[in-house]
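J.: Next up, data_32.tsv (TSV, C-alpha atoms).
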```tsv
chain	number	residue	atom	x	y	z
A	793	MET	CA	27.30	-54.60	-17.51
A	794	GLY	CA	26.30	-50.99	-17.99
A	795	THR	CA	22.79	-49.61	-18.17
A	796	ALA	CA	21.75	-47.74	-21.31
A	797	PRO	CA	20.98	-44.06	-20.63
A	798	ALA	CA	17.28	-43.22	-20.57
A	799	GLY	CA	15.92	-42.59	-24.04
A	800	LEU	CA	19.03	-43.78	-25.85
A	801	LYS	CA	17.37	-46.79	-27.46
A	802	ASP	CA	14.54	-44.61	-28.75
A	803	LYS	CA	17.11	-42.31	-30.36
A	804	LEU	CA	18.95	-45.20	-31.94
A	805	ARG	CA	15.72	-46.79	-33.22
A	806	ALA	CA	14.69	-43.45	-34.75
A	807	MET	CA	18.12	-43.13	-36.35
A	808	TRP	CA	17.80	-46.46	-38.17
A	809	ILE	CA	14.19	-45.81	-39.13
A	810	ALA	CA	15.29	-42.55	-40.79
A	811	GLY	CA	16.18	-42.69	-44.46
A	812	ASP	CA	15.90	-45.98	-46.32
A	813	PHE	CA	18.66	-48.37	-45.35
A	814	GLY	CA	17.56	-50.80	-48.04
A	815	LYS	CA	19.05	-48.42	-50.61
A	816	ILE	CA	22.39	-48.55	-48.74
A	817	ALA	CA	22.31	-52.31	-48.22
A	818	LEU	CA	22.04	-52.94	-51.97
A	819	PHE	CA	25.73	-52.13	-52.36
A	820	SER	CA	26.92	-54.73	-49.83
A	821	ALA	CA	24.52	-57.54	-50.76
A	822	ARG	CA	27.06	-59.41	-52.89
A	823	GLU	CA	29.65	-59.34	-50.10
A	824	ALA	CA	27.02	-60.59	-47.65
A	825	GLU	CA	26.33	-63.56	-49.88
A	826	ASN	CA	30.06	-64.27	-50.12
A	827	LEU	CA	30.28	-64.32	-46.32
A	828	VAL	CA	27.31	-66.63	-45.90
A	829	ASN	CA	28.72	-69.04	-48.46
A	830	GLY	CA	32.01	-69.08	-46.55
A	831	TRP	CA	30.45	-69.77	-43.16
A	832	ASN	CA	29.54	-73.36	-44.00
A	833	ILE	CA	25.85	-72.99	-43.20
A	834	ARG	CA	24.15	-76.32	-43.76
A	835	PRO	CA	20.55	-77.14	-44.71
A	836	GLY	CA	18.40	-77.31	-41.60
A	837	ALA	CA	20.81	-75.29	-39.45
A	838	ARG	CA	19.13	-72.88	-37.06
A	839	VAL	CA	20.49	-69.45	-37.98
A	840	LEU	CA	19.95	-66.00	-36.47
A	841	ASP	CA	20.85	-62.77	-38.26
A	842	VAL	CA	21.22	-60.07	-35.56
A	843	ALA	CA	20.57	-56.46	-36.62
A	844	CYS	CA	19.51	-58.00	-39.91
A	845	GLY	CA	18.50	-54.84	-41.71
A	846	THR	CA	16.81	-55.82	-44.95
A	847	GLY	CA	18.10	-59.40	-44.83
A	848	ASN	CA	21.45	-59.29	-46.63
A	849	LEU	CA	22.73	-62.28	-44.62
A	850	ALA	CA	19.43	-63.93	-43.75
A	851	ILE	CA	18.14	-64.37	-47.28
A	852	PRO	CA	21.26	-66.08	-48.71
A	853	ALA	CA	21.28	-68.36	-45.64
A	854	ALA	CA	17.66	-69.26	-46.28
A	855	ARG	CA	18.53	-70.07	-49.89
A	856	LEU	CA	21.00	-72.62	-48.54
A	857	GLY	CA	18.14	-74.37	-46.74
A	858	ALA	CA	18.80	-73.06	-43.24
A	859	ASP	CA	16.02	-72.36	-40.75
A	860	VAL	CA	16.57	-68.60	-40.56
A	861	SER	CA	15.40	-65.87	-38.21
A	862	GLY	CA	16.35	-62.21	-38.42
A	863	VAL	CA	15.93	-59.51	-35.81
A	864	ASP	CA	16.30	-55.74	-36.06
A	865	ILE	CA	15.49	-52.72	-33.91
A	866	ALA	CA	13.90	-50.81	-36.83
A	867	PRO	CA	10.40	-52.01	-37.78
A	868	ASN	CA	10.61	-50.57	-41.30
A	869	LEU	CA	13.71	-52.66	-42.01
A	870	VAL	CA	12.00	-55.78	-40.66
A	871	GLU	CA	9.11	-55.13	-43.05
A	872	GLN	CA	11.53	-54.69	-45.96
A	873	ALA	CA	13.26	-57.95	-45.07
A	874	ARG	CA	9.93	-59.80	-45.01
A	875	ALA	CA	8.92	-58.34	-48.36
A	876	ARG	CA	12.29	-59.14	-49.89
A	877	ALA	CA	12.18	-62.75	-48.70
A	878	ALA	CA	8.69	-63.15	-50.13
A	879	LYS	CA	9.75	-61.63	-53.45
A	880	GLU	CA	12.78	-63.92	-53.65
A	881	GLY	CA	10.72	-66.97	-52.70
A	882	VAL	CA	12.60	-67.97	-49.56
A	883	THR	CA	11.29	-68.75	-46.09
A	884	ALA	CA	12.64	-66.76	-43.15
A	885	THR	CA	11.18	-65.23	-40.01
A	886	PHE	CA	11.89	-61.60	-39.19
A	887	ASP	CA	11.21	-60.06	-35.78
A	888	GLU	CA	11.52	-56.61	-34.27
A	889	GLY	CA	13.96	-56.74	-31.37
A	890	ASP	CA	17.07	-55.43	-29.67
A	891	ALA	CA	20.56	-56.92	-30.03
A	892	GLU	CA	21.05	-56.27	-26.31
A	893	ALA	CA	17.89	-58.21	-25.37
A	894	LEU	CA	17.33	-60.84	-28.04
A	895	PRO	CA	13.81	-62.31	-27.92
A	896	TYR	CA	14.97	-65.93	-28.10
A	897	ALA	CA	15.69	-68.72	-25.64
A	898	ASP	CA	19.19	-69.77	-24.60
A	899	ALA	CA	21.09	-71.96	-27.10
A	900	SER	CA	18.39	-71.56	-29.77
A	901	PHE	CA	20.72	-71.29	-32.78
A	902	ASP	CA	23.56	-73.15	-34.46
A	903	VAL	CA	24.84	-69.96	-36.11
A	904	VAL	CA	24.46	-66.41	-34.82
A	905	MET	CA	25.64	-63.91	-37.42
A	906	THR	CA	25.70	-60.16	-37.97
A	907	MET	CA	27.07	-57.91	-40.72
A	908	TYR	CA	27.68	-54.23	-39.97
A	909	GLY	CA	24.80	-54.57	-37.52
A	910	ALA	CA	25.24	-55.63	-33.89
A	911	MET	CA	28.37	-53.48	-33.76
A	912	PHE	CA	26.08	-50.43	-33.50
A	913	ALA	CA	24.37	-51.53	-30.27
A	914	PRO	CA	25.53	-49.10	-27.56
A	915	ARG	CA	26.70	-51.60	-24.92
A	916	PRO	CA	29.13	-54.07	-26.48
A	917	ASP	CA	29.48	-56.16	-23.32
A	918	VAL	CA	25.73	-56.78	-23.29
A	919	THR	CA	25.70	-57.47	-27.02
A	920	ALA	CA	28.50	-60.03	-26.71
A	921	SER	CA	26.67	-61.74	-23.87
A	922	GLU	CA	23.46	-61.92	-25.91
A	923	LEU	CA	25.13	-63.25	-29.05
A	924	ALA	CA	26.66	-65.98	-26.92
A	925	ARG	CA	23.52	-66.70	-24.91
A	926	VAL	CA	21.38	-67.60	-27.91
A	927	CYS	CA	24.12	-69.67	-29.59
A	928	ARG	CA	24.34	-73.36	-28.69
A	929	PRO	CA	27.60	-74.78	-27.30
A	930	GLY	CA	29.77	-75.69	-30.27
A	931	GLY	CA	27.86	-73.30	-32.50
A	932	THR	CA	29.28	-70.40	-34.48
A	933	ILE	CA	29.20	-66.66	-33.83
A	934	ALA	CA	30.09	-64.86	-37.06
A	935	MET	CA	30.50	-61.11	-37.46
A	936	ALA	CA	31.51	-58.55	-40.07
A	937	ASN	CA	32.53	-55.26	-38.42
A	938	TRP	CA	33.90	-52.06	-39.94
A	939	THR	CA	37.46	-51.28	-38.82
A	940	PRO	CA	38.49	-47.91	-37.35
A	941	SER	CA	41.42	-47.58	-39.77
A	942	GLY	CA	39.44	-48.30	-42.95
A	943	PHE	CA	37.42	-45.89	-45.06
A	944	VAL	CA	34.17	-46.39	-43.16
A	945	GLY	CA	35.94	-45.82	-39.86
A	946	LYS	CA	37.27	-42.54	-41.26
A	947	MET	CA	33.79	-41.52	-42.39
A	948	PHE	CA	32.35	-42.32	-38.96
A	949	ALA	CA	35.12	-40.31	-37.28
A	950	MET	CA	34.36	-37.34	-39.51
A	951	THR	CA	30.65	-37.64	-38.72
A	952	ALA	CA	31.38	-37.71	-34.99
A	953	LYS	CA	33.55	-34.60	-35.37
A	954	HIS	CA	30.71	-32.61	-36.91
A	955	ALA	CA	27.82	-34.21	-35.00
A	956	PRO	CA	28.99	-36.05	-31.85
A	957	PRO	CA	26.98	-39.19	-31.06
A	958	PRO	CA	24.63	-39.37	-28.06
A	959	ALA	CA	26.22	-39.93	-24.67
A	960	GLY	CA	26.55	-43.58	-23.71
A	961	VAL	CA	27.42	-44.93	-27.17
A	962	THR	CA	30.70	-46.86	-27.41
A	963	PRO	CA	32.38	-46.29	-30.81
A	964	PRO	CA	30.98	-49.07	-33.03
A	965	VAL	CA	34.27	-49.53	-34.92
A	966	GLN	CA	35.92	-50.91	-31.78
A	967	TRP	CA	34.26	-54.16	-32.89
A	968	GLY	CA	36.64	-53.99	-35.86
A	969	VAL	CA	39.74	-54.35	-33.67
A	970	ASP	CA	41.02	-57.91	-33.21
A	971	SER	CA	42.17	-57.50	-29.59
A	972	ILE	CA	38.88	-55.91	-28.52
A	973	VAL	CA	36.81	-58.60	-30.21
A	974	ARG	CA	38.83	-61.26	-28.39
A	975	GLU	CA	38.32	-59.48	-25.08
A	976	ARG	CA	34.56	-59.26	-25.63
A	977	LEU	CA	33.90	-62.74	-26.99
A	978	GLY	CA	36.71	-64.54	-25.17
A	979	PRO	CA	34.70	-65.35	-22.03
A	980	TYR	CA	32.13	-67.22	-24.14
A	981	CYS	CA	34.11	-68.80	-26.97
A	982	SER	CA	36.66	-71.60	-27.23
A	983	ASN	CA	38.16	-70.36	-30.49
A	984	ILE	CA	38.14	-66.97	-32.24
A	985	GLU	CA	39.48	-66.39	-35.75
A	986	THR	CA	39.62	-62.99	-37.44
A	987	ARG	CA	40.82	-61.54	-40.70
A	988	VAL	CA	40.59	-58.16	-42.35
A	989	ARG	CA	38.66	-58.37	-45.61
A	990	PRO	CA	38.40	-55.78	-48.40
A	991	ILE	CA	35.16	-54.49	-49.85
A	992	ASP	CA	34.72	-51.92	-52.59
A	993	PHE	CA	32.09	-49.20	-52.58
A	994	ASP	CA	31.14	-48.83	-56.24
A	995	TYR	CA	28.58	-46.18	-57.14
A	996	PRO	CA	27.65	-45.14	-60.69
A	997	PHE	CA	27.79	-41.45	-59.80
A	998	PRO	CA	30.45	-38.97	-58.56
A	999	PRO	CA	31.40	-38.31	-54.91
A	1000	ARG	CA	29.08	-35.34	-54.48
A	1001	GLU	CA	26.11	-37.51	-55.42
A	1002	VAL	CA	27.36	-40.30	-53.15
A	1003	VAL	CA	27.23	-37.87	-50.22
A	1004	ALA	CA	23.71	-36.82	-51.23
A	1005	TYR	CA	22.73	-40.50	-51.48
A	1006	PHE	CA	24.00	-41.28	-47.97
A	1007	ARG	CA	22.48	-38.07	-46.63
A	1008	GLU	CA	19.07	-39.16	-47.91
A	1009	PHE	CA	19.12	-42.90	-47.26
A	1010	PHE	CA	21.68	-43.72	-44.50
A	1011	GLY	CA	19.85	-43.11	-41.23
A	1012	PRO	CA	22.90	-42.23	-39.07
A	1013	MET	CA	24.13	-39.67	-41.60
A	1014	LYS	CA	20.67	-38.27	-42.24
A	1015	THR	CA	20.19	-37.87	-38.49
A	1016	ALA	CA	23.61	-36.23	-38.09
A	1017	PHE	CA	22.82	-33.68	-40.79
A	1018	GLY	CA	19.43	-33.02	-39.22
A	1019	ARG	CA	21.07	-31.98	-35.94
A	1020	LEU	CA	23.12	-29.24	-37.59
A	1021	GLU	CA	22.42	-25.67	-38.62
A	1022	PRO	CA	22.61	-24.90	-42.37
A	1023	ASP	CA	26.18	-23.55	-42.30
A	1024	ALA	CA	27.35	-26.57	-40.31
A	1025	GLN	CA	25.53	-28.88	-42.70
A	1026	ALA	CA	27.40	-27.33	-45.62
A	1027	ALA	CA	30.75	-27.76	-43.87
A	1028	PHE	CA	29.95	-31.37	-43.02
A	1029	ALA	CA	28.88	-32.15	-46.60
A	1030	SER	CA	32.03	-30.52	-47.95
A	1031	ASP	CA	34.29	-32.57	-45.67
A	1032	VAL	CA	32.55	-35.86	-46.44
A	1033	GLU	CA	32.65	-35.17	-50.18
A	1034	ALA	CA	36.37	-34.41	-49.92
A	1035	LEU	CA	36.92	-37.72	-48.11
A	1036	TRP	CA	35.14	-39.68	-50.84
A	1037	ALA	CA	36.96	-37.75	-53.57
A	1038	GLU	CA	40.34	-38.31	-51.92
A	1039	HIS	CA	39.86	-42.09	-51.88
A	1040	ASN	CA	38.06	-42.36	-55.21
A	1041	ARG	CA	39.82	-44.42	-57.88
A	1042	GLY	CA	36.85	-44.54	-60.24
A	1043	SER	CA	36.64	-42.92	-63.65
A	1044	GLU	CA	34.71	-39.70	-64.26
A	1045	GLY	CA	31.11	-40.05	-63.10
A	1046	ARG	CA	31.86	-43.11	-60.98
A	1047	THR	CA	32.91	-43.48	-57.34
A	1048	LEU	CA	35.02	-46.53	-56.47
A	1049	VAL	CA	36.44	-46.57	-52.95
A	1050	ALA	CA	38.27	-49.40	-51.17
A	1051	ALA	CA	37.02	-50.15	-47.65
A	1052	GLU	CA	37.68	-52.93	-45.16
A	1053	TYR	CA	36.02	-54.85	-42.36
A	1054	LEU	CA	37.01	-57.44	-39.78
A	1055	GLU	CA	35.52	-60.88	-40.28
A	1056	VAL	CA	35.10	-62.75	-36.98
A	1057	VAL	CA	34.30	-66.46	-36.70
A	1058	ALA	CA	34.09	-67.76	-33.13
A	1059	THR	CA	33.11	-71.13	-31.65
A	1060	ARG	CA	30.74	-71.02	-28.69
A	1061	ALA	CA	32.27	-72.81	-25.72
```
Can you give me the file's structure in the form of structure tokens?
T.:
Amino acid sequence: MGTAPAGLKDKLRAMWIAGDFGKIALFSAREAENLVNGWNIRPGARVLDVACGTGNLAIPAARLGADVSGVDIAPNLVEQARARAAKEGVTATFDEGDAEALPYADASFDVVMTMYGAMFAPRPDVTASELARVCRPGGTIAMANWTPSGFVGKMFAMTAKHAPPPAGVTPPVQWGVDSIVRERLGPYCSNIETRVRPIDFDYPFPPREVVAYFREFFGPMKTAFGRLEPDAQAAFASDVEALWAEHNRGSEGRTLVAAEYLEVVATRA
């Protein structure tokens, strides 16, 4: 398994600390709850949400009576998840930690889950090993990963064109490819099921404001803009706005864009 380049984790942590991901996560919270309800999480089950962000998966799982932990590399997101759980009156534990070095013992959890999260860790082989390590034999590893061919994959590709990612980062959307997921999880799992699922982005403002929203609140995009000179920023913003506008099927003043992700449900061998 590869070694992360020096300083890469600090850059990635800073990227997710930037902005306010909680504002982005609001728009996928309903889909997260749908996933949790479909993963047959039972009361008392030991559940880990990896790269938990503000708790979109963890909190619905806790509502079902599971014994839930969440872990994320960004301390500000961990704090938001704790505050959100307290506000919603559910019990869950949230820790700062790295998906490539999870701070838990082997076979600690019945369900290890992640939504648009662990896919961003730079070394997928290490991430797969860690997801499997902390999951008990017979337990479930469940993932939701953006696909390269869907809208989000196109937006990531455009971002990489204008502001290439740091060296040593494997494209996150490879986790959205069935054959690659099977290659990565296959050594650890007795059964792997996948399906492409739709999700709509629905914002009550036009594409230009959507781009401004992501630029302010989505850490990776905010960081990408921050690396560019003003002229390059303008070109980047124009291209991203055109992408949203091209796919928009909302009425005037609304942005409604169809996206997709790969749902993965695997049984730990």
J.: Just want the 12 Å neighbourhood of A:Val1056, counted on only C-alpha atoms, with same-chain residues fewer than 4 positions away dropped. Output as a ChimeraX atom specification.
T.: /A:827,830-831,904-908,911,932-939,967-974,976-977,981,983-989
J.: Identify, on the basis of all atoms listed in the file, every residue whose closest approach to A:Pro963 does not exceed 10 Å; exclude the query and any residue fewer than 3 positions from it along the same chain; express the result as JSON, numbers by chain.
T.: {"A": [911, 912, 913, 914, 915, 916, 940, 945, 948, 949, 952, 957, 960, 966, 967]}
J.: What is the atom CA of A:Ile865 to atom CA of A:Pro964 distance in Å?
T.: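 Computing it gives 15.9 Å between the two atoms.
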J.: Restricting the calculation to only C-alpha atoms: of A:Ala920, A:Ala1058, A:Ala843, A:Leu1020, which residue gets closest to A:Asp902?
T.: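 Among the listed residues, A:Ala1058 lies closest to A:Asp902.
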J.: Just checking: using all atoms listed in the file, which residue out of A:Asn826, A:Gln1025, A:Asn1040, A:Thr846 ends up closest to A:Ala866?
T.: A:Thr846
J.: Name the residues in contact with A:Ala1027 at a cut-off of 12 Å, using only C-alpha atoms, excluding same-chain residues fewer than 3 positions from it; report them as a PDB file with C-alpha atoms, in the coordinates of the input.
T.:
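File produced: selection_31.pdb:
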```pdb
ATOM      1  CA  MET A 950      34.360 -37.340 -39.510  1.00  0.00           C
ATOM      2  CA  THR A 951      30.650 -37.640 -38.720  1.00  0.00           C
ATOM      3  CA  LYS A 953      33.550 -34.600 -35.370  1.00  0.00           C
ATOM      4  CA  HIS A 954      30.710 -32.610 -36.910  1.00  0.00           C
ATOM      5  CA  ALA A 955      27.820 -34.210 -35.000  1.00  0.00           C
ATOM      6  CA  PHE A1017      22.820 -33.680 -40.790  1.00  0.00           C
ATOM      7  CA  LEU A1020      23.120 -29.240 -37.590  1.00  0.00           C
ATOM      8  CA  GLU A1021      22.420 -25.670 -38.620  1.00  0.00           C
ATOM      9  CA  PRO A1022      22.610 -24.900 -42.370  1.00  0.00           C
ATOM     10  CA  ASP A1023      26.180 -23.550 -42.300  1.00  0.00           C
ATOM     11  CA  ALA A1024      27.350 -26.570 -40.310  1.00  0.00           C
ATOM     12  CA  SER A1030      32.030 -30.520 -47.950  1.00  0.00           C
ATOM     13  CA  ASP A1031      34.290 -32.570 -45.670  1.00  0.00           C
ATOM     14  CA  VAL A1032      32.550 -35.860 -46.440  1.00  0.00           C
ATOM     15  CA  GLU A1033      32.650 -35.170 -50.180  1.00  0.00           C
ATOM     16  CA  ALA A1034      36.370 -34.410 -49.920  1.00  0.00           C
TER      17      ALA A1034
END
```
J.: In terms of the shortest atom-to-atom distance over all atoms listed in the file, which of A:Ile809, A:Ala854, A:Val903, A:Leu800 is closest to A:Glu871?
T.: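 Nearest candidate to A:Glu871 out of A:Ile809, A:Ala854, A:Val903, A:Leu800: A:Ile809.
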J.: Measuring between all atoms listed in the file, which one of A:Gly909, A:Pro867, A:Gly811, A:Gly799 shows the shortest distance to A:Asn848?
T.: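 Closest to A:Asn848 of all the choices is A:Gly909.
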J.: In Å, how far is it from atom CA of A:Ala893 to atom CA of A:Ala850?
T.: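 Taking atom CA of A:Ala893 as the start and atom CA of A:Ala850 as the end point, the length is 19.3 Å.
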J.: Report as a PyMOL selection string all protein, DNA and RNA residues lying within 8 Å of A:Phe997, evaluated on only C-alpha atoms, omitting residues in the same chain fewer than 2 positions from it.
T.: chain A and resi 995+999+1001-1002+1045-1047
J.: Listed atoms of stretch 902-911 of chain A, axis-aligned box, 4 Å per side: centre and edge lengths to one decimal in Å, as lines of an AutoDock Vina configuration file?
T.:
```
center_x = 26.0
center_y = -63.3
center_z = -37.2
size_x = 12.8
size_y = 27.7
size_z = 15.0
```
J.: So which one's closest to A:Glu1038, A:Phe943, A:Phe819, A:Phe886, A:Tyr1005? Using only C-alpha atoms, please.
T.: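 Smallest separation from A:Glu1038 among the options: A:Phe943.
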J.: Find the residues around A:Gly836 up to 9 Å (only C-alpha atoms counted), leave out those fewer than 6 positions away in its own chain, and share them as an mmCIF file with C-alpha atoms, keeping the file's coordinate frame.
T.:
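Printed below is result-v8.cif as written:
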```cif
data_model
loop_
_atom_site.group_PDB
_atom_site.id
_atom_site.type_symbol
_atom_site.label_atom_id
_atom_site.label_comp_id
_atom_site.auth_asym_id
_atom_site.auth_seq_id
_atom_site.Cartn_x
_atom_site.Cartn_y
_atom_site.Cartn_z
ATOM 1 C CA LEU A 856 21.000 -72.620 -48.540
ATOM 2 C CA GLY A 857 18.140 -74.370 -46.740
ATOM 3 C CA ALA A 858 18.800 -73.060 -43.240
ATOM 4 C CA ASP A 859 16.020 -72.360 -40.750
ATOM 5 C CA VAL A 860 16.570 -68.600 -40.560
#
```
J.: With distances taken over all atoms listed in the file, which residue among A:Phe1028, A:Phe901, A:Tyr1053, A:Tyr980 lies nearest A:Arg1007?
T.: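 Of the candidates, the smallest distance to A:Arg1007 is held by A:Phe1028.
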J.: Report, in Å to a single decimal, how far apart atom CA of A:Ala1004 and atom CA of A:Pro958 are.
T.: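 Atom-to-atom, atom CA of A:Pro958 and atom CA of A:Ala1004 are spaced 23.3 Å apart.
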